[in-house]
file model_32.cif (mmCIF, C-alpha atoms and all ligand atoms)
data_query
#
loop_
_atom_site.label_atom_id
_atom_site.label_comp_id
_atom_site.auth_asym_id
_atom_site.auth_seq_id
_atom_site.Cartn_x
_atom_site.Cartn_y
_atom_site.Cartn_z
CA MET A 1 -50.10 120.68 232.35
CA ILE A 2 -49.95 124.48 232.19
CA VAL A 3 -49.83 126.32 228.85
CA LEU A 4 -49.14 130.02 228.43
CA GLY A 5 -50.34 131.47 225.11
CA ILE A 6 -49.44 134.85 223.64
CA GLU A 7 -51.13 136.52 220.66
CA THR A 8 -49.85 139.72 219.05
CA SER A 9 -50.51 139.28 215.32
CA CYS A 10 -52.51 142.44 214.75
CA ASP A 11 -54.25 144.94 217.02
CA GLU A 12 -55.07 142.75 220.01
CA THR A 13 -52.51 141.87 222.67
CA SER A 14 -53.76 138.75 224.37
CA VAL A 15 -52.40 136.36 226.97
CA ALA A 16 -54.07 133.13 228.07
CA VAL A 17 -53.42 130.30 230.49
CA ILE A 18 -54.76 126.77 230.12
CA LYS A 19 -54.34 124.77 233.31
CA ASP A 20 -55.01 121.03 233.08
CA GLY A 21 -57.31 121.57 230.12
CA LEU A 22 -59.18 124.43 231.77
CA LEU A 23 -58.95 128.00 230.49
CA THR A 24 -58.11 130.06 233.57
CA ALA A 25 -57.29 133.39 231.87
CA ASN A 26 -57.86 134.95 228.47
CA LEU A 27 -56.93 138.62 228.78
CA ILE A 28 -57.41 140.75 225.68
CA SER A 29 -56.21 144.31 225.30
CA SER A 30 -57.49 145.93 222.11
CA GLN A 31 -55.71 148.85 220.48
CA HIS A 32 -58.74 151.06 219.98
CA PHE A 33 -56.66 154.07 218.96
CA HIS A 34 -56.30 152.72 215.41
CA LYS A 35 -59.84 153.86 214.67
CA ASN A 36 -58.53 157.41 214.50
CA PHE A 37 -56.53 156.33 211.44
CA GLY A 38 -59.27 154.26 209.78
CA GLY A 39 -57.19 151.08 209.99
CA VAL A 40 -54.33 149.42 211.83
CA VAL A 41 -51.03 151.34 211.77
CA PRO A 42 -48.31 148.65 211.97
CA GLU A 43 -45.63 150.66 213.76
CA LEU A 44 -48.05 151.91 216.43
CA SER A 45 -49.34 148.38 216.86
CA SER A 46 -45.88 146.97 217.61
CA ARG A 47 -45.18 149.68 220.18
CA ALA A 48 -48.49 149.09 221.95
CA HIS A 49 -47.87 145.32 222.10
CA LEU A 50 -44.44 145.97 223.57
CA GLN A 51 -45.88 148.10 226.35
CA ILE A 52 -48.67 145.78 227.37
CA VAL A 53 -47.42 142.23 226.86
CA ASN A 54 -45.45 141.91 230.10
CA PRO A 55 -48.11 143.35 232.44
CA LEU A 56 -50.70 141.20 230.68
CA VAL A 57 -48.63 138.02 231.25
CA LYS A 58 -48.30 138.94 234.93
CA SER A 59 -52.06 139.50 235.29
CA ALA A 60 -52.92 136.26 233.46
CA LEU A 61 -50.61 134.25 235.73
CA GLU A 62 -51.97 135.94 238.84
CA LYS A 63 -55.55 135.35 237.76
CA SER A 64 -54.70 131.67 237.22
CA SER A 65 -52.75 131.34 240.50
CA VAL A 66 -49.79 130.14 238.48
CA LYS A 67 -46.14 131.00 239.05
CA LEU A 68 -43.80 131.52 236.09
CA GLU A 69 -41.85 128.37 236.91
CA ASP A 70 -45.07 126.28 236.97
CA ILE A 71 -45.59 126.77 233.23
CA ASP A 72 -44.89 123.68 231.12
CA LEU A 73 -45.37 125.04 227.62
CA ILE A 74 -45.00 128.53 226.15
CA ALA A 75 -46.70 129.42 222.88
CA ALA A 76 -46.98 132.46 220.67
CA THR A 77 -48.46 133.31 217.29
CA ALA A 78 -45.77 133.18 214.58
CA GLY A 79 -47.95 134.30 211.66
CA PRO A 80 -49.73 135.32 209.58
CA GLY A 81 -49.91 138.92 210.73
CA LEU A 82 -47.99 142.18 210.93
CA ILE A 83 -44.35 141.24 211.18
CA GLY A 84 -43.40 143.86 213.77
CA ALA A 85 -46.38 142.95 215.92
CA LEU A 86 -45.69 139.22 215.65
CA LEU A 87 -42.06 139.78 216.61
CA VAL A 88 -43.08 141.27 219.94
CA GLY A 89 -45.07 138.27 221.18
CA LEU A 90 -42.87 135.67 219.54
CA THR A 91 -39.63 137.10 220.90
CA TYR A 92 -41.16 137.51 224.34
CA ALA A 93 -42.28 133.87 224.35
CA LYS A 94 -38.90 132.64 223.13
CA GLY A 95 -37.11 134.65 225.81
CA LEU A 96 -39.35 133.19 228.49
CA SER A 97 -38.86 129.68 227.14
CA LEU A 98 -35.09 130.13 227.14
CA SER A 99 -34.87 131.59 230.62
CA LEU A 100 -37.29 129.08 232.19
CA ASN A 101 -36.04 126.17 230.11
CA LYS A 102 -39.57 125.24 229.01
CA LYS A 103 -40.90 123.84 225.72
CA PHE A 104 -41.93 126.30 223.04
CA VAL A 105 -44.53 126.07 220.27
CA ALA A 106 -44.98 128.60 217.46
CA VAL A 107 -48.65 128.72 216.47
CA ASN A 108 -50.22 129.52 213.13
CA HIS A 109 -52.88 132.16 213.88
CA ILE A 110 -55.35 130.68 211.39
CA GLU A 111 -54.96 127.22 212.94
CA GLY A 112 -55.75 128.95 216.22
CA HIS A 113 -59.00 130.27 214.72
CA ILE A 114 -59.81 126.86 213.13
CA PHE A 115 -59.84 125.09 216.51
CA SER A 116 -61.30 127.97 218.53
CA GLY A 117 -64.62 126.07 218.70
CA PHE A 118 -62.91 123.69 221.14
CA LEU A 119 -62.86 126.49 223.72
CA MET A 120 -66.64 126.18 223.94
CA GLU A 121 -68.53 123.75 226.13
CA GLU A 122 -70.08 122.13 223.05
CA LYS A 123 -67.06 121.27 220.87
CA PRO A 124 -66.89 120.38 217.19
CA GLU A 125 -66.78 116.67 216.37
CA PHE A 126 -64.36 115.35 213.77
CA PRO A 127 -64.53 115.43 210.85
CA PHE A 128 -65.86 118.98 210.65
CA LEU A 129 -66.10 121.79 208.14
CA ALA A 130 -64.45 125.00 209.27
CA LEU A 131 -65.41 128.30 207.72
CA VAL A 132 -62.71 130.79 208.67
CA VAL A 133 -64.01 134.31 208.19
CA SER A 134 -61.67 136.90 209.62
CA GLY A 135 -60.20 140.28 208.79
CA GLY A 136 -57.55 138.91 206.46
CA HIS A 137 -58.77 135.44 205.47
CA THR A 138 -61.74 133.55 204.13
CA LEU A 139 -61.25 129.81 203.96
CA LEU A 140 -63.39 126.72 203.80
CA LEU A 141 -61.63 123.68 205.25
CA LEU A 142 -62.24 120.03 205.90
CA VAL A 143 -60.74 119.22 209.29
CA LYS A 144 -60.30 115.49 209.90
CA ASN A 145 -58.41 115.74 213.17
CA PHE A 146 -55.93 118.05 214.88
CA ILE A 147 -53.31 117.30 212.23
CA GLU A 148 -55.14 116.70 208.93
CA ILE A 149 -56.57 119.94 207.59
CA TYR A 150 -57.62 120.17 203.94
CA LYS A 151 -58.34 123.40 202.13
CA LEU A 152 -61.50 123.24 200.00
CA GLY A 153 -61.49 126.86 198.94
CA SER A 154 -60.55 130.41 199.80
CA THR A 155 -61.11 133.94 198.64
CA VAL A 156 -59.57 134.95 195.34
CA ASP A 157 -59.45 138.61 196.39
CA ASP A 158 -60.78 140.35 199.53
CA ALA A 159 -61.53 138.54 202.78
CA ALA A 160 -65.08 138.72 204.13
CA GLY A 161 -64.03 140.88 207.08
CA GLU A 162 -62.03 143.12 204.79
CA ALA A 163 -65.14 143.64 202.65
CA PHE A 164 -67.10 144.64 205.76
CA ASP A 165 -64.34 147.06 206.74
CA LYS A 166 -64.03 148.63 203.28
CA VAL A 167 -67.76 149.02 202.72
CA SER A 168 -68.18 150.48 206.19
CA LYS A 169 -65.54 153.09 205.40
CA LEU A 170 -67.23 153.83 202.09
CA LEU A 171 -70.58 154.35 203.84
CA GLY A 172 -68.95 156.56 206.46
CA LEU A 173 -69.80 154.14 209.27
CA GLY A 174 -66.29 153.81 210.71
CA TYR A 175 -63.86 151.11 211.79
CA PRO A 176 -63.88 148.18 212.44
CA GLY A 177 -66.57 147.75 209.86
CA GLY A 178 -68.20 144.45 210.80
CA PRO A 179 -69.99 145.56 213.95
CA LYS A 180 -70.84 148.97 212.41
CA ILE A 181 -72.42 147.42 209.32
CA GLN A 182 -74.30 144.91 211.45
CA LYS A 183 -75.67 147.70 213.65
CA ALA A 184 -76.70 149.84 210.67
CA ALA A 185 -78.23 146.80 208.94
CA GLU A 186 -80.52 146.17 211.92
CA GLY A 187 -82.71 149.08 210.87
CA GLY A 188 -82.29 148.50 207.14
CA ASP A 189 -84.12 146.70 204.34
CA ALA A 190 -81.89 143.86 203.11
CA PHE A 191 -84.03 143.42 199.98
CA ARG A 192 -83.84 147.01 198.74
CA ILE A 193 -80.74 146.52 196.60
CA ASN A 194 -79.82 143.28 194.89
CA PHE A 195 -76.03 143.17 195.15
CA PRO A 196 -74.32 140.42 193.12
CA ILE A 197 -72.88 137.16 194.45
CA ALA A 198 -69.79 136.10 192.52
CA GLU A 199 -69.97 132.81 190.66
CA LEU A 200 -66.55 131.22 190.38
CA LYS A 201 -65.20 128.18 188.56
CA GLU A 202 -63.93 126.58 191.75
CA PRO A 203 -66.97 125.48 193.78
CA TYR A 204 -65.64 126.49 197.21
CA ASN A 205 -63.85 129.72 196.38
CA PHE A 206 -65.08 133.17 197.36
CA SER A 207 -64.78 136.63 195.85
CA PHE A 208 -65.83 139.85 197.54
CA SER A 209 -64.09 142.60 195.60
CA GLY A 210 -66.83 142.76 192.93
CA LEU A 211 -69.42 143.19 195.65
CA LYS A 212 -67.43 146.02 197.20
CA THR A 213 -67.20 147.72 193.78
CA ALA A 214 -70.94 147.22 193.25
CA VAL A 215 -71.63 149.06 196.52
CA LEU A 216 -69.26 151.85 195.48
CA ARG A 217 -70.93 152.14 192.08
CA TYR A 218 -74.38 152.19 193.65
CA VAL A 219 -73.38 155.01 196.01
CA GLN A 220 -71.89 156.96 193.09
CA GLN A 221 -75.08 156.50 191.05
CA GLN A 222 -77.03 158.10 193.90
CA GLY A 223 -74.75 161.13 193.66
CA GLY A 224 -72.37 160.17 196.47
CA ILE A 225 -72.68 159.47 200.15
CA GLN A 226 -73.72 163.07 200.96
CA ASN A 227 -76.90 162.54 198.95
CA LEU A 228 -78.04 159.54 200.97
CA ASP A 229 -80.30 159.82 204.00
CA GLU A 230 -79.77 157.68 207.08
CA GLN A 231 -82.39 155.11 206.06
CA HIS A 232 -80.86 154.68 202.62
CA ILE A 233 -77.44 153.98 204.20
CA LYS A 234 -79.01 151.41 206.51
CA ASP A 235 -80.65 149.74 203.51
CA ILE A 236 -77.32 149.60 201.66
CA ALA A 237 -75.60 148.14 204.75
CA ALA A 238 -78.34 145.52 205.14
CA SER A 239 -78.32 144.59 201.44
CA PHE A 240 -74.53 144.32 201.41
CA GLN A 241 -74.47 142.21 204.57
CA MET A 242 -77.09 139.90 203.10
CA ALA A 243 -75.00 139.41 199.94
CA VAL A 244 -71.85 138.52 201.91
CA ILE A 245 -73.70 136.06 204.16
CA LYS A 246 -75.52 134.49 201.18
CA ALA A 247 -72.18 133.88 199.44
CA LEU A 248 -70.69 132.28 202.54
CA ILE A 249 -73.74 130.09 203.18
CA GLN A 250 -73.96 129.01 199.52
CA LYS A 251 -70.42 127.56 199.55
CA LEU A 252 -70.88 126.07 202.99
CA LYS A 253 -74.05 124.30 201.85
CA ARG A 254 -72.23 122.88 198.84
CA ALA A 255 -69.52 121.47 201.10
CA ILE A 256 -72.00 120.02 203.60
CA LYS A 257 -73.68 118.18 200.72
CA SER A 258 -70.39 116.84 199.35
CA PHE A 259 -68.56 115.81 202.52
CA ASP A 260 -69.74 113.52 205.23
CA VAL A 261 -69.07 115.66 208.28
CA LYS A 262 -70.35 115.61 211.84
CA SER A 263 -70.02 119.31 212.63
CA VAL A 264 -69.71 122.75 211.15
CA SER A 265 -67.68 125.44 212.88
CA ILE A 266 -67.68 129.10 211.88
CA VAL A 267 -64.70 130.97 213.28
CA GLY A 268 -62.87 134.31 213.06
CA GLY A 269 -64.07 137.86 213.63
CA VAL A 270 -66.94 137.72 211.12
CA ALA A 271 -68.37 134.70 212.98
CA ALA A 272 -69.61 137.34 215.45
CA ASN A 273 -72.12 138.43 212.80
CA SER A 274 -75.65 137.65 213.92
CA LEU A 275 -77.10 137.10 210.43
CA LEU A 276 -74.31 134.64 209.62
CA LYS A 277 -74.93 132.82 212.90
CA GLU A 278 -78.64 132.62 212.17
CA LYS A 279 -78.25 131.35 208.59
CA ALA A 280 -75.48 128.90 209.47
CA THR A 281 -77.47 127.46 212.35
CA GLU A 282 -80.49 126.95 210.06
CA LEU A 283 -78.26 125.23 207.52
CA ALA A 284 -76.63 122.92 210.06
CA TYR A 285 -80.01 121.89 211.43
CA GLU A 286 -81.25 121.15 207.93
CA PHE A 287 -78.39 118.69 207.42
CA ASN A 288 -78.36 117.34 210.95
CA ASN A 289 -74.92 118.71 211.73
CA LYS A 290 -73.72 120.07 215.00
CA ILE A 291 -72.91 123.77 214.69
CA VAL A 292 -70.22 125.40 216.79
CA ILE A 293 -69.71 129.15 216.67
CA PRO A 294 -67.37 130.41 219.38
CA ARG A 295 -68.66 133.14 221.65
CA LEU A 296 -67.51 136.71 220.97
CA GLU A 297 -64.39 136.45 223.18
CA PHE A 298 -63.09 133.56 221.03
CA CYS A 299 -64.26 134.86 217.60
CA GLY A 300 -61.90 137.80 217.45
CA ASP A 301 -58.20 137.52 218.13
CA ASN A 302 -57.44 135.91 221.46
CA ALA A 303 -54.64 133.95 223.10
CA ALA A 304 -56.91 131.18 224.38
CA MET A 305 -57.05 129.74 220.87
CA ILE A 306 -53.26 130.03 220.59
CA ALA A 307 -52.68 128.20 223.88
CA PHE A 308 -55.22 125.53 222.91
CA ARG A 309 -53.67 124.98 219.47
CA ALA A 310 -50.22 124.78 221.05
CA GLN A 311 -51.37 122.10 223.44
CA THR A 312 -52.82 119.96 220.63
CA LEU A 313 -49.53 120.25 218.71
CA PHE A 314 -47.52 119.43 221.81
CA GLU A 315 -49.71 116.38 222.43
CA SER A 316 -49.01 115.30 218.84
CA GLY A 317 -45.29 115.48 219.58
CA ILE A 318 -44.66 118.86 217.98
CA THR A 319 -42.55 121.59 219.59
CA HIS A 320 -40.34 124.21 217.96
CA LYS A 321 -36.82 125.47 218.21
CA LEU A 322 -36.12 129.00 219.36
CA ASP A 323 -34.92 130.11 215.92
CA TYR A 324 -38.50 129.86 214.57
CA LYS A 325 -39.16 132.89 212.35
CA PRO A 326 -42.34 134.96 212.17
CA TYR A 327 -44.10 135.07 208.79
CA PRO A 328 -46.50 137.71 207.42
CA ALA A 329 -48.60 135.59 205.06
CA LEU A 330 -50.42 132.28 205.21
CA ASP A 331 -49.18 129.42 203.09
CA GLU A 332 -52.63 127.95 202.47
CA ASN A 333 -51.23 124.70 201.20
CA SER A 334 -49.19 123.78 204.22
CA PHE A 335 -51.27 124.43 207.26
CA LEU A 336 -49.35 122.69 209.90
CA SER A 337 -46.29 124.17 211.46
CA LEU A 338 -44.57 120.81 211.05
P1 LIG B 1 -56.77 137.34 210.42
O1 LIG B 1 -57.30 136.46 211.50
O2 LIG B 1 -57.23 136.94 209.07
O3 LIG B 1 -55.30 137.57 210.52
P2 LIG B 1 -57.82 139.51 211.99
O4 LIG B 1 -57.16 138.75 213.09
O5 LIG B 1 -57.62 140.97 211.87
O6 LIG B 1 -57.43 138.79 210.61
P3 LIG B 1 -60.20 138.92 213.33
O7 LIG B 1 -59.78 139.69 214.52
O8 LIG B 1 -60.37 137.46 213.45
O9 LIG B 1 -59.33 139.24 212.06
O10 LIG B 1 -61.56 139.55 212.80
C1 LIG B 1 -61.67 140.92 212.56
C2 LIG B 1 -62.67 141.12 211.44
O11 LIG B 1 -63.97 140.69 211.86
C3 LIG B 1 -62.81 142.56 211.00
O12 LIG B 1 -62.72 142.61 209.60
C4 LIG B 1 -64.19 142.94 211.50
O13 LIG B 1 -64.82 143.91 210.69
C5 LIG B 1 -64.93 141.62 211.42
N1 LIG B 1 -66.10 141.58 212.30
C6 LIG B 1 -66.13 141.74 213.65
N2 LIG B 1 -67.40 141.72 214.11
C7 LIG B 1 -68.19 141.52 213.01
C8 LIG B 1 -69.61 141.42 212.81
N3 LIG B 1 -70.46 141.51 213.80
N4 LIG B 1 -70.04 141.24 211.52
C9 LIG B 1 -69.18 141.14 210.50
N5 LIG B 1 -67.86 141.25 210.63
C10 LIG B 1 -67.36 141.42 211.87
MG MG B 2 -58.22 142.76 215.65
FE FE B 3 -57.53 136.67 213.56
#

call {"tool": "encode", "arguments": {"input": "model_32.cif", "output": "structure tokens"}}
result
Amino acid sequence: MIVLGIETSCDETSVAVIKDGLLTANLISSQHFHKNFGGVVPELSSRAHLQIVNPLVKSALEKSSVKLEDIDLIAATAGPGLIGALLVGLTYAKGLSLSLNKKFVAVNHIEGHIFSGFLMEEKPEFPFLALVVSGGHTLLLLVKNFIEIYKLGSTVDDAAGEAFDKVSKLLGLGYPGGPKIQKAAEGGDAFRINFPIAELKEPYNFSFSGLKTAVLRYVQQQGGIQNLDEQHIKDIAASFQMAVIKALIQKLKRAIKSFDVKSVSIVGGVAANSLLKEKATELAYEFNNKIVIPRLEFCGDNAAMIAFRAQTLFESGITHKLDYKPYPALDENSFLSL
């Protein structure tokens, strides 16, 4: 079976091919120009997707030695994401499905992230806990199989990645914030400033907006960013990063203790963070759980996870009609695109 996956939800155009269960191409074209604007500009994103999606499909097929007519299943991200950007990939996939008369599956981007650990050699074992930490979402989920996904908690305000991006901007480190903060934190003292970790009523929920404000207030108290030397900025970055990771690990530990799971999988862009990887691995070992953190290529946005998710849905008897609409936001209570 040959699956073609297309991802255009934000600022990465990506096309992947899975051939008889083997990933043969996962091409990712990142729209780096957004850094000049300090964040993703939706209109520019759509235009860039439009320009690159067709050549990328051609290259992915060539790389996989697959002809258009050999494809069995065509999949694209339907949401959540920027609506104009989603439309590009989704419409392209629908058009291809119509002209080739092949099955079509619309994939939920977050479900793509949830199962991205399956792209690794060492795969998660069911049931597993999934911590989704991306640019727009922070979710803790109990995943029983490819169909039963239960939400334990989510962020009540900012996503973890969003917090990294905002604090990076505030510290003048640039965009995207995650890698910049991580780099700065490498030379910093994580114990210099004790930033708060939000305590919430719901045991598995997260909150990062208070932390972001605490960093802002701290910088203001020092007389603004222009008053801080390089070392001080590194110390703030390290202390902030530590607070975010502590909050994530705290909730994950609670869930590991309460649910009898075999594996833990950390997914989404923030899963690229080395401190998070280190702390999560320690935690999993402590509780004798298998830990799966996808490699960099599968942590950020990629079409491999979209193609893989589509195949699991297809194998569960799920395909979609060509009038499937894109959606900007995640309905956290109904994960499956049933
Ligand atoms: P969503 O998946 O919620 O729609 P998205 O697709 O924009 O959002 P991803 O591409 O999965 O998100 O992840 C991007 C986020 O990951 C950004 O916020 C970025 O700052 C963060 N990130 C990337 N690398 C790191 C890192 N090393 N440490 C922390 N955060 C990181
Ligand atoms: Mg991105
Ligand atoms: Fe994503």

call {"tool": "residues_around", "arguments": {"input": "model_32.cif", "residues": "region 54-68 of chain A", "least_positions_apart": "2", "cutoff": "7 Å", "atoms": "all atoms listed in the file", "output": "list in words"}}
result
Val15, Ala16, Val17, Thr24, Ala25, Leu27, Ile52, Asp70 and Ile71 of chain A

call {"tool": "closest_residue", "arguments": {"input": "model_32.cif", "among": "A:Gln51, A:Ala280, A:Gly153, A:Gly268", "to": "ligand MG 2 (chain B)", "atoms": "only C-alpha atoms and all ligand atoms"}}
result
A:Gly268

call {"tool": "residues_around", "arguments": {"input": "model_32.cif", "residues": "Ser168 (chain A)", "least_positions_apart": "6", "cutoff": "7 Å", "atoms": "all atoms listed in the file", "output": "list in words"}}
result
Gly174, Gly177, Lys180 and Ile181 of chain A

call {"tool": "residues_near_ligand", "arguments": {"input": "model_32.cif", "ligand": "ligand LIG 1 (chain B)", "cutoff": "6 Å", "atoms": "all atoms listed in the file", "output": "list in words"}}
result
Gly81, Ser134, Gly135, Gly136, His137, Gly161, Glu162, Phe164, Asp165, Pro176, Gly177, Gly178, Pro179, Gln182, Gly268, Gly269, Val270, Ala272, Asn273, Gly300 and Asp301 of chain A

call {"tool": "residues_around", "arguments": {"input": "model_32.cif", "residues": "region 306-320 of chain A", "least_positions_apart": "6", "cutoff": "7 Å", "atoms": "all atoms listed in the file", "output": "VMD selection string"}}
result
chain A and resid 3 to 7 16 to 18 75 to 77 103 to 107 112 115 146

call {"tool": "closest_residue", "arguments": {"input": "model_32.cif", "among": "A:Asp158, A:Glu43, A:Glu297, A:Glu121", "to": "ligand FE 3 (chain B)", "atoms": "all atoms listed in the file"}}
result
A:Glu297

call {"tool": "atom_distance", "arguments": {"input": "model_32.cif", "atom1": "CA of Ala329 (chain A)", "atom2": "CA of Thr8 (chain A)"}}
result
14.6 Å

call {"tool": "residues_around", "arguments": {"input": "model_32.cif", "residues": "Ile225 (chain A)", "least_positions_apart": "4", "cutoff": "10 Å", "atoms": "all atoms listed in the file", "output": "list in words"}}
result
Leu170, Leu171, Gly172, Leu216, Tyr218, Val219, Gln220, Gln221, Asp229, His232 and Ile233 of chain A

call {"tool": "residues_near_ligand", "arguments": {"input": "model_32.cif", "ligand": "ligand MG 2 (chain B)", "cutoff": "6 Å", "atoms": "all atoms listed in the file", "output": "JSON, numbers by chain"}}
result
{"A": [10, 11, 12, 301]}

call {"tool": "build_atoms", "arguments": {"input": "model_32.cif", "residues": "region 193-213 of chain A", "atoms": "N, CA and C atoms", "output": "short mmCIF file (atom, residue, chain, number, x, y, z; two decimals), keeping the file's coordinate frame"}}
result
data_model
loop_
_atom_site.label_atom_id
_atom_site.label_comp_id
_atom_site.auth_asym_id
_atom_site.auth_seq_id
_atom_site.Cartn_x
_atom_site.Cartn_y
_atom_site.Cartn_z
N ILE A 193 -81.69 146.55 197.72
CA ILE A 193 -80.74 146.52 196.60
C ILE A 193 -80.24 145.09 196.42
N ASN A 194 -80.25 144.65 195.17
CA ASN A 194 -79.82 143.28 194.89
C ASN A 194 -78.35 143.26 194.48
N PHE A 195 -77.46 143.20 195.46
CA PHE A 195 -76.03 143.17 195.15
C PHE A 195 -75.64 141.77 194.66
N PRO A 196 -74.65 141.70 193.75
CA PRO A 196 -74.32 140.42 193.12
C PRO A 196 -73.51 139.48 194.02
N ILE A 197 -73.70 138.18 193.79
CA ILE A 197 -72.88 137.16 194.45
C ILE A 197 -72.01 136.55 193.36
N ALA A 198 -70.71 136.57 193.56
CA ALA A 198 -69.79 136.10 192.52
C ALA A 198 -69.93 134.61 192.27
N GLU A 199 -69.99 134.23 191.02
CA GLU A 199 -69.97 132.81 190.66
C GLU A 199 -68.58 132.49 190.13
N LEU A 200 -67.92 131.53 190.76
CA LEU A 200 -66.55 131.22 190.38
C LEU A 200 -66.46 129.80 189.85
N LYS A 201 -65.39 129.53 189.12
CA LYS A 201 -65.20 128.18 188.56
C LYS A 201 -65.01 127.14 189.68
N GLU A 202 -64.18 127.50 190.63
CA GLU A 202 -63.93 126.58 191.75
C GLU A 202 -65.13 126.63 192.70
N PRO A 203 -65.71 125.48 193.03
CA PRO A 203 -66.97 125.48 193.78
C PRO A 203 -66.91 126.07 195.19
N TYR A 204 -65.71 126.04 195.81
CA TYR A 204 -65.64 126.49 197.21
C TYR A 204 -64.85 127.79 197.39
N ASN A 205 -64.57 128.45 196.25
CA ASN A 205 -63.85 129.72 196.38
C ASN A 205 -64.83 130.88 196.60
N PHE A 206 -64.29 131.98 197.09
CA PHE A 206 -65.08 133.17 197.36
C PHE A 206 -64.47 134.37 196.64
N SER A 207 -65.28 135.38 196.39
CA SER A 207 -64.78 136.63 195.85
C SER A 207 -65.66 137.75 196.38
N PHE A 208 -65.04 138.76 196.97
CA PHE A 208 -65.83 139.85 197.54
C PHE A 208 -65.48 141.22 196.96
N SER A 209 -64.50 141.27 196.07
CA SER A 209 -64.09 142.60 195.60
C SER A 209 -65.11 143.17 194.62
N GLY A 210 -65.77 142.30 193.84
CA GLY A 210 -66.83 142.76 192.93
C GLY A 210 -68.00 143.35 193.69
N LEU A 211 -68.31 142.73 194.80
CA LEU A 211 -69.42 143.19 195.65
C LEU A 211 -69.11 144.58 196.22
N LYS A 212 -67.87 144.73 196.67
CA LYS A 212 -67.43 146.02 197.20
C LYS A 212 -67.55 147.11 196.11
N THR A 213 -67.12 146.77 194.90
CA THR A 213 -67.20 147.72 193.78
C THR A 213 -68.66 148.02 193.45
#
